[in-house]
Amino acid sequence: MRAHPGLAEIERARAAIAGRVRRTPARLSPRLAERLGVPVVLKHEHEQITGAFKLRGATNALANLSEDERARGVVTVSTGNHGRALAHAAREAGVRCVVAMSRLVPGNKRDAIAALGAEIAIHGASQDEAQEEVDRRVAEGGLVEIPPFDHPDVIAGQGTLGLEIVEDVPDLAQVLIPLSGGGLAAGVAAAVKAKRPHARIVGITMERGAAMHASLAAGRPVLVEEAPSLADSLGGGIGLANRHTFPMLRDLMDEVVLLTEDEITLGMAFCHVAEGVMVEGGGAVGPGAILAGKVRPIGPTVALLTGANVDPAQHARIVSDPEILERLA
Ligand SMILES: *Cc1c(COP(=O)(O)O)cnc(C)c1O
């Protein structure tokens, strides 16, 4: 097994992806600062190409393939943002890409991935069944699997966000990181703790089906039942055979905050109303946690806005709901 990525791998990733991903803006949020009582900076990573930070990890993983692996092509299972990122990065690199999905993945997401030139393999009625198709393509077709989070090059790529954050906010006291499989949190934590050892790493996720939270509490990777959530990009397990993100976060994460669906909704609406940006549910949990009073005011705080890929009709419903607008007034 390869070692966990650290600062050296993250700095190499930054050089490898330079010019292929955006350095996204960091902007003060006066309203959240007023609410929390300390400076709050939002990292607008939802403005990343393909609409989510996942392009960083996917681009770095492709950059690290050997000539032979590039010739064979890549494959992943995905329900959305990672598949889109890998499809984009593979097209840029001229590498064949297959994205396996279950029948349940919505048509608009399927179409977005296909539009980037990836081959779509529909298999089964769950993420686990779609994974069987990935295993088959690896075994029979020689494709190289680039998984969504538990891979050293993917984690190092996501960690480049951590380097940007400590440059954007040198006196950083804590970072609020949307949390699912933990590739983002592990990478950002490795970079931030190397540069600012006293900064706190706070993972934020939904109450229902919080696999990493349950696993950290149990002391080993555990299965949780998946439930539908407005934060759909935070769903899914961490893998019972997890190699990297679980042990890294066991060592590096200071706290996990859980949000209700109502608190996630408020975070999304806040991003639209107060910040003028369209952020998906999973990307808006940082503001949601601050508004819910679940974040401690220990000093300058960065909240990562991680993705923009929300169904427009669902977004429109939320940001025009008078009851929600009233609560934000
Ligand atoms: C994937 C994703 C996350 C969570 O990232 P992990 O590395 O799986 O923890 C958060 N926000 C968005 C928008 C995502 O697509």
# chains A, B, ... in the order shown; residues from 1 in each chain; ligands from 1
$ residues_around --residues "His44 in chain A" --least-positions-apart "4" --cutoff "6 Å" --atoms "only C-alpha atoms" --output "list in words"
Thr24, Pro25, Ala26 and Leu305 of chain A
$ residues_near_ligand --ligand "ligand 1" --cutoff "8 Å" --atoms "only C-alpha atoms and all ligand atoms" --output "ChimeraX atom specification"
/A:46,52-54,80-82,148-149,155,158,177-186,233-234,280-283,305-309
$ closest_residue --among "A:His88, A:Arg296, A:Arg110, A:Arg243" --to "Val40 in chain A" --atoms "only C-alpha atoms"
A:Arg296
$ select_by_dssp --residues "range 27-248 of chain A" --states "strand (DSSP E)" --output "ChimeraX atom specification"
/A:27-28,40-44,74-77,97-101,119-122,144-145,174-178,200-206
$ write_last_selection --atoms "N, CA, C and O atoms" --output "short mmCIF file (atom, residue, chain, number, x, y, z; two decimals), in the first residue's frame"
data_model
loop_
_atom_site.label_atom_id
_atom_site.label_comp_id
_atom_site.auth_asym_id
_atom_site.auth_seq_id
_atom_site.Cartn_x
_atom_site.Cartn_y
_atom_site.Cartn_z
N ARG A 27 -13.50 35.17 -0.25
CA ARG A 27 -14.16 36.46 -0.01
C ARG A 27 -14.70 36.52 1.41
O ARG A 27 -15.30 35.57 1.91
N LEU A 28 -14.50 37.68 2.04
CA LEU A 28 -15.06 37.91 3.37
C LEU A 28 -16.58 37.83 3.32
O LEU A 28 -17.19 38.29 2.37
N VAL A 40 -14.99 35.74 8.98
CA VAL A 40 -15.35 34.53 8.24
C VAL A 40 -15.07 34.76 6.75
O VAL A 40 -15.53 35.75 6.18
N VAL A 41 -14.31 33.87 6.16
CA VAL A 41 -13.98 33.94 4.73
C VAL A 41 -14.57 32.72 4.04
O VAL A 41 -14.42 31.59 4.52
N LEU A 42 -15.27 32.98 2.93
CA LEU A 42 -15.81 31.88 2.13
C LEU A 42 -14.88 31.61 0.95
O LEU A 42 -14.51 32.54 0.22
N LYS A 43 -14.47 30.37 0.79
CA LYS A 43 -13.64 29.98 -0.35
C LYS A 43 -14.60 29.52 -1.45
O LYS A 43 -15.27 28.48 -1.30
N HIS A 44 -14.66 30.28 -2.54
CA HIS A 44 -15.69 30.06 -3.57
C HIS A 44 -15.28 28.98 -4.56
O HIS A 44 -15.21 29.20 -5.77
N VAL A 74 -9.05 5.13 -17.97
CA VAL A 74 -9.43 5.16 -16.56
C VAL A 74 -10.92 4.85 -16.40
O VAL A 74 -11.71 5.01 -17.32
N VAL A 75 -11.28 4.41 -15.21
CA VAL A 75 -12.67 4.07 -14.91
C VAL A 75 -12.98 4.45 -13.47
O VAL A 75 -12.10 4.41 -12.60
N THR A 76 -14.21 4.86 -13.22
CA THR A 76 -14.64 5.13 -11.85
C THR A 76 -16.13 4.87 -11.73
O THR A 76 -16.85 4.87 -12.72
N VAL A 77 -16.56 4.69 -10.50
CA VAL A 77 -17.98 4.71 -10.20
C VAL A 77 -18.29 6.12 -9.71
O VAL A 77 -17.45 6.77 -9.11
N CYS A 97 -12.04 7.36 -20.88
CA CYS A 97 -12.65 7.39 -19.54
C CYS A 97 -13.99 6.69 -19.56
O CYS A 97 -14.83 6.96 -20.42
N VAL A 98 -14.20 5.77 -18.62
CA VAL A 98 -15.48 5.09 -18.45
C VAL A 98 -16.03 5.44 -17.07
O VAL A 98 -15.31 5.35 -16.07
N VAL A 99 -17.28 5.87 -17.00
CA VAL A 99 -17.92 6.16 -15.71
C VAL A 99 -19.08 5.19 -15.53
O VAL A 99 -20.02 5.17 -16.34
N ALA A 100 -18.99 4.37 -14.49
CA ALA A 100 -20.04 3.40 -14.20
C ALA A 100 -21.04 4.01 -13.23
O ALA A 100 -20.66 4.65 -12.24
N MET A 101 -22.32 3.86 -13.55
CA MET A 101 -23.37 4.43 -12.70
C MET A 101 -24.50 3.43 -12.57
O MET A 101 -24.69 2.59 -13.45
N GLU A 119 -17.42 7.43 -21.65
CA GLU A 119 -18.35 6.33 -21.92
C GLU A 119 -19.11 6.05 -20.63
O GLU A 119 -18.53 5.97 -19.56
N ILE A 120 -20.42 5.89 -20.76
CA ILE A 120 -21.26 5.63 -19.59
C ILE A 120 -21.59 4.15 -19.57
O ILE A 120 -22.02 3.60 -20.57
N ALA A 121 -21.39 3.51 -18.41
CA ALA A 121 -21.79 2.11 -18.25
C ALA A 121 -22.84 2.06 -17.15
O ALA A 121 -22.54 2.29 -15.98
N ILE A 122 -24.08 1.80 -17.52
CA ILE A 122 -25.15 1.73 -16.53
C ILE A 122 -25.24 0.29 -16.03
O ILE A 122 -25.36 -0.64 -16.83
N VAL A 144 -7.65 1.58 -15.56
CA VAL A 144 -7.09 1.96 -14.26
C VAL A 144 -8.18 2.65 -13.45
O VAL A 144 -8.76 3.64 -13.90
N GLU A 145 -8.46 2.17 -12.25
CA GLU A 145 -9.51 2.78 -11.44
C GLU A 145 -9.01 4.03 -10.73
O GLU A 145 -7.96 4.00 -10.08
N GLN A 174 -9.55 28.14 12.06
CA GLN A 174 -10.25 26.88 11.77
C GLN A 174 -10.78 26.87 10.34
O GLN A 174 -11.03 27.92 9.76
N VAL A 175 -10.93 25.66 9.81
CA VAL A 175 -11.50 25.46 8.46
C VAL A 175 -12.73 24.57 8.59
O VAL A 175 -12.67 23.53 9.24
N LEU A 176 -13.82 24.97 7.94
CA LEU A 176 -15.05 24.18 7.92
C LEU A 176 -15.12 23.47 6.57
O LEU A 176 -15.18 24.11 5.52
N ILE A 177 -15.12 22.12 6.59
CA ILE A 177 -14.96 21.33 5.36
C ILE A 177 -16.14 20.37 5.19
O ILE A 177 -16.34 19.49 6.03
N PRO A 178 -16.89 20.51 4.10
CA PRO A 178 -17.94 19.52 3.82
C PRO A 178 -17.32 18.12 3.75
O PRO A 178 -16.27 17.93 3.13
N ARG A 200 -7.77 24.43 13.62
CA ARG A 200 -8.70 23.30 13.81
C ARG A 200 -9.34 22.89 12.49
O ARG A 200 -9.69 23.73 11.67
N ILE A 201 -9.49 21.59 12.32
CA ILE A 201 -10.11 21.02 11.13
C ILE A 201 -11.48 20.50 11.54
O ILE A 201 -11.58 19.58 12.36
N VAL A 202 -12.53 21.12 10.98
CA VAL A 202 -13.89 20.76 11.36
C VAL A 202 -14.62 20.22 10.13
O VAL A 202 -14.78 20.93 9.13
N GLY A 203 -15.01 18.97 10.18
CA GLY A 203 -15.78 18.35 9.10
C GLY A 203 -17.26 18.60 9.33
O GLY A 203 -17.73 18.53 10.47
N ILE A 204 -17.99 18.90 8.25
CA ILE A 204 -19.42 19.15 8.40
C ILE A 204 -20.19 18.24 7.45
O ILE A 204 -19.87 18.16 6.25
N THR A 205 -21.18 17.55 7.97
CA THR A 205 -21.94 16.63 7.14
C THR A 205 -23.38 16.54 7.65
O THR A 205 -23.74 17.23 8.62
N MET A 206 -24.20 15.73 6.96
CA MET A 206 -25.59 15.65 7.37
C MET A 206 -25.78 14.58 8.43
O MET A 206 -25.03 13.62 8.49
#
$ residues_around --residues "Ala217 in chain A" --least-positions-apart "2" --cutoff "12 Å" --atoms "only C-alpha atoms" --output "JSON, numbers by chain"
{"A": [210, 211, 212, 213, 214, 215, 219, 220, 221, 222, 246, 249, 250, 255, 256]}
$ write_last_selection --atoms "N, CA and C atoms" --output "tab-separated table (two decimals), in the first residue's frame"
chain	number	residue	atom	x	y	z
A	210	ALA	N	-24.22	9.51	8.07
A	210	ALA	CA	-22.88	10.12	8.14
A	210	ALA	C	-21.83	9.04	8.36
A	211	ALA	N	-21.33	8.46	7.27
A	211	ALA	CA	-20.48	7.27	7.36
A	211	ALA	C	-19.14	7.54	8.04
A	212	MET	N	-18.48	8.66	7.70
A	212	MET	CA	-17.18	8.92	8.31
A	212	MET	C	-17.34	9.20	9.81
A	213	HIS	N	-18.37	9.93	10.16
A	213	HIS	CA	-18.61	10.23	11.58
A	213	HIS	C	-18.82	8.94	12.37
A	214	ALA	N	-19.67	8.05	11.84
A	214	ALA	CA	-19.95	6.78	12.52
A	214	ALA	C	-18.67	5.94	12.60
A	215	SER	N	-17.85	5.98	11.56
A	215	SER	CA	-16.63	5.18	11.54
A	215	SER	C	-15.61	5.70	12.54
A	219	GLY	N	-14.16	3.65	15.65
A	219	GLY	CA	-12.74	3.31	15.61
A	219	GLY	C	-12.34	2.44	14.43
A	220	ARG	N	-13.26	2.23	13.51
A	220	ARG	CA	-12.97	1.45	12.29
A	220	ARG	C	-14.07	1.78	11.27
A	221	PRO	N	-13.79	1.56	9.95
A	221	PRO	CA	-14.82	1.84	8.94
A	221	PRO	C	-16.06	0.99	9.16
A	222	VAL	N	-17.22	1.63	9.20
A	222	VAL	CA	-18.48	0.90	9.36
A	222	VAL	C	-19.46	1.30	8.25
A	246	PHE	N	-9.77	7.32	6.15
A	246	PHE	CA	-10.13	7.04	7.55
A	246	PHE	C	-8.94	7.22	8.50
A	249	LEU	N	-7.95	10.99	8.75
A	249	LEU	CA	-8.87	11.86	9.49
A	249	LEU	C	-8.92	11.49	10.98
A	250	ARG	N	-8.68	10.22	11.29
A	250	ARG	CA	-8.60	9.82	12.70
A	250	ARG	C	-7.48	10.62	13.37
A	255	GLU	N	-12.97	17.72	14.81
A	255	GLU	CA	-14.38	17.69	15.19
A	255	GLU	C	-15.23	17.42	13.96
A	256	VAL	N	-16.35	16.73	14.15
A	256	VAL	CA	-17.35	16.60	13.08
A	256	VAL	C	-18.65	17.21	13.57
$ atom_distance --atom1 "CA of His198 in chain A" --atom2 "CA of Ser29 in chain A"
23.0 Å
$ select_by_dssp --residues "range 19-240 of chain A" --states "alpha helix (DSSP H)" --output "PyMOL selection string"
chain A and resi 30-36+54-63+67-72+81-93+107-115+127-141+152-168+183-195+211-218
$ residues_around --residues "Ala87 in chain A" --least-positions-apart "4" --cutoff "7 Å" --atoms "only C-alpha atoms" --output "JSON, numbers by chain"
{"A": [83, 91, 97, 113, 116, 117, 118]}
$ write_last_selection --atoms "N, CA, C and O atoms" --output "short mmCIF file (atom, residue, chain, number, x, y, z; two decimals), in the first residue's frame"
data_model
loop_
_atom_site.label_atom_id
_atom_site.label_comp_id
_atom_site.auth_asym_id
_atom_site.auth_seq_id
_atom_site.Cartn_x
_atom_site.Cartn_y
_atom_site.Cartn_z
N GLY A 83 -17.33 11.91 -11.19
CA GLY A 83 -17.41 11.40 -12.56
C GLY A 83 -17.26 12.53 -13.58
O GLY A 83 -16.58 12.39 -14.59
N ARG A 91 -10.55 13.96 -20.77
CA ARG A 91 -10.64 14.55 -22.11
C ARG A 91 -9.47 15.50 -22.37
O ARG A 91 -8.84 15.48 -23.41
N CYS A 97 -12.04 7.36 -20.88
CA CYS A 97 -12.65 7.39 -19.54
C CYS A 97 -13.99 6.69 -19.56
O CYS A 97 -14.83 6.96 -20.42
N ILE A 113 -22.08 14.05 -17.95
CA ILE A 113 -20.85 13.26 -18.02
C ILE A 113 -20.62 12.76 -19.45
O ILE A 113 -19.51 12.83 -19.98
N LEU A 116 -19.13 15.24 -21.86
CA LEU A 116 -17.69 15.45 -21.76
C LEU A 116 -16.91 14.34 -22.47
O LEU A 116 -15.68 14.28 -22.38
N GLY A 117 -17.62 13.46 -23.13
CA GLY A 117 -16.94 12.46 -23.95
C GLY A 117 -16.63 11.15 -23.22
O GLY A 117 -16.00 10.27 -23.79
N ALA A 118 -17.09 11.02 -21.98
CA ALA A 118 -16.84 9.76 -21.27
C ALA A 118 -17.84 8.70 -21.73
O ALA A 118 -18.94 9.03 -22.16
#
$ atom_distance --atom1 "CA of Ala63 in chain A" --atom2 "CA of Ala90 in chain A"
9.7 Å
$ atom_distance --atom1 "CA of Leu259 in chain A" --atom2 "CA of Glu207 in chain A"
5.4 Å
$ residues_around --residues "Ile17 in chain A" --least-positions-apart "5" --cutoff "10 Å" --atoms "only C-alpha atoms" --output "mmCIF file with all heavy atoms, in the first residue's frame"
data_model
loop_
_atom_site.group_PDB
_atom_site.id
_atom_site.type_symbol
_atom_site.label_atom_id
_atom_site.label_comp_id
_atom_site.auth_asym_id
_atom_site.auth_seq_id
_atom_site.Cartn_x
_atom_site.Cartn_y
_atom_site.Cartn_z
ATOM 1 N N ARG A 12 3.654 18.931 -4.814
ATOM 2 C CA ARG A 12 3.856 18.379 -6.171
ATOM 3 C C ARG A 12 2.549 18.403 -6.967
ATOM 4 O O ARG A 12 2.536 18.708 -8.152
ATOM 5 C CB ARG A 12 4.353 16.932 -6.074
ATOM 6 C CG ARG A 12 5.872 16.822 -6.000
ATOM 7 C CD ARG A 12 6.373 15.499 -6.576
ATOM 8 N NE ARG A 12 5.881 14.338 -5.853
ATOM 9 C CZ ARG A 12 6.419 13.888 -4.725
ATOM 10 N NH1 ARG A 12 7.463 14.501 -4.178
ATOM 11 N NH2 ARG A 12 5.923 12.823 -4.121
ATOM 12 N N ARG A 22 -8.756 26.145 -11.714
ATOM 13 C CA ARG A 22 -8.772 27.548 -11.291
ATOM 14 C C ARG A 22 -8.270 27.690 -9.869
ATOM 15 O O ARG A 22 -8.561 26.844 -9.025
ATOM 16 C CB ARG A 22 -10.199 28.090 -11.302
ATOM 17 C CG ARG A 22 -10.749 28.251 -12.669
ATOM 18 C CD ARG A 22 -12.097 28.992 -12.626
ATOM 19 N NE ARG A 22 -12.581 29.029 -13.990
ATOM 20 C CZ ARG A 22 -13.804 28.668 -14.381
ATOM 21 N NH1 ARG A 22 -14.711 28.317 -13.484
ATOM 22 N NH2 ARG A 22 -14.134 28.696 -15.642
ATOM 23 N N LEU A 55 -12.264 18.368 -9.459
ATOM 24 C CA LEU A 55 -11.358 18.440 -10.608
ATOM 25 C C LEU A 55 -9.897 18.452 -10.158
ATOM 26 O O LEU A 55 -9.017 17.995 -10.886
ATOM 27 C CB LEU A 55 -11.658 19.704 -11.429
ATOM 28 C CG LEU A 55 -10.911 19.769 -12.752
ATOM 29 C CD1 LEU A 55 -11.299 18.609 -13.658
ATOM 30 C CD2 LEU A 55 -11.137 21.097 -13.450
ATOM 31 N N ARG A 56 -9.610 18.956 -8.961
ATOM 32 C CA ARG A 56 -8.222 18.999 -8.478
ATOM 33 C C ARG A 56 -7.663 17.584 -8.329
ATOM 34 O O ARG A 56 -6.584 17.262 -8.834
ATOM 35 C CB ARG A 56 -8.159 19.736 -7.133
ATOM 36 C CG ARG A 56 -8.532 21.208 -7.227
ATOM 37 C CD ARG A 56 -8.599 21.843 -5.845
ATOM 38 N NE ARG A 56 -9.064 23.223 -5.887
ATOM 39 C CZ ARG A 56 -8.267 24.295 -5.838
ATOM 40 N NH1 ARG A 56 -6.960 24.160 -5.703
ATOM 41 N NH2 ARG A 56 -8.779 25.510 -5.883
ATOM 42 N N GLY A 57 -8.407 16.737 -7.625
ATOM 43 C CA GLY A 57 -7.940 15.368 -7.394
ATOM 44 C C GLY A 57 -7.882 14.554 -8.672
ATOM 45 O O GLY A 57 -6.922 13.810 -8.914
ATOM 46 N N ALA A 58 -8.910 14.696 -9.514
ATOM 47 C CA ALA A 58 -8.963 13.919 -10.755
ATOM 48 C C ALA A 58 -7.811 14.319 -11.680
ATOM 49 O O ALA A 58 -7.162 13.461 -12.296
ATOM 50 C CB ALA A 58 -10.310 14.131 -11.447
ATOM 51 N N THR A 59 -7.537 15.622 -11.757
ATOM 52 C CA THR A 59 -6.463 16.100 -12.633
ATOM 53 C C THR A 59 -5.109 15.610 -12.135
ATOM 54 O O THR A 59 -4.250 15.188 -12.920
ATOM 55 C CB THR A 59 -6.493 17.645 -12.698
ATOM 56 O OG1 THR A 59 -7.772 18.054 -13.198
ATOM 57 C CG2 THR A 59 -5.404 18.189 -13.613
ATOM 58 N N ASN A 60 -4.914 15.636 -10.818
ATOM 59 C CA ASN A 60 -3.638 15.165 -10.271
ATOM 60 C C ASN A 60 -3.461 13.656 -10.480
ATOM 61 O O ASN A 60 -2.375 13.188 -10.821
ATOM 62 C CB ASN A 60 -3.534 15.505 -8.777
ATOM 63 C CG ASN A 60 -2.153 15.211 -8.233
ATOM 64 O OD1 ASN A 60 -1.149 15.594 -8.829
ATOM 65 N ND2 ASN A 60 -2.080 14.504 -7.110
ATOM 66 N N ALA A 61 -4.542 12.911 -10.311
ATOM 67 C CA ALA A 61 -4.454 11.462 -10.499
ATOM 68 C C ALA A 61 -4.074 11.135 -11.948
ATOM 69 O O ALA A 61 -3.232 10.264 -12.203
ATOM 70 C CB ALA A 61 -5.775 10.792 -10.129
ATOM 71 N N LEU A 62 -4.659 11.848 -12.899
ATOM 72 C CA LEU A 62 -4.325 11.605 -14.309
ATOM 73 C C LEU A 62 -2.879 11.985 -14.605
ATOM 74 O O LEU A 62 -2.190 11.301 -15.358
ATOM 75 C CB LEU A 62 -5.274 12.381 -15.217
ATOM 76 C CG LEU A 62 -6.592 11.652 -15.475
ATOM 77 C CD1 LEU A 62 -7.623 12.584 -16.079
ATOM 78 C CD2 LEU A 62 -6.378 10.456 -16.381
ATOM 79 N N ALA A 63 -2.430 13.088 -13.969
ATOM 80 C CA ALA A 63 -1.059 13.548 -14.223
ATOM 81 C C ALA A 63 -0.029 12.532 -13.723
ATOM 82 O O ALA A 63 1.103 12.512 -14.201
ATOM 83 C CB ALA A 63 -0.829 14.901 -13.550
ATOM 84 N N GLY A 157 -4.428 16.043 -4.546
ATOM 85 C CA GLY A 157 -5.020 17.076 -5.411
ATOM 86 C C GLY A 157 -6.006 17.936 -4.648
ATOM 87 O O GLY A 157 -5.962 19.177 -4.721
ATOM 88 N N THR A 160 -4.542 20.680 -2.408
ATOM 89 C CA THR A 160 -4.056 21.972 -2.927
ATOM 90 C C THR A 160 -4.959 23.114 -2.483
ATOM 91 O O THR A 160 -4.514 24.251 -2.368
ATOM 92 C CB THR A 160 -3.958 21.949 -4.471
ATOM 93 O OG1 THR A 160 -5.253 21.696 -5.040
ATOM 94 C CG2 THR A 160 -2.975 20.870 -4.943
#
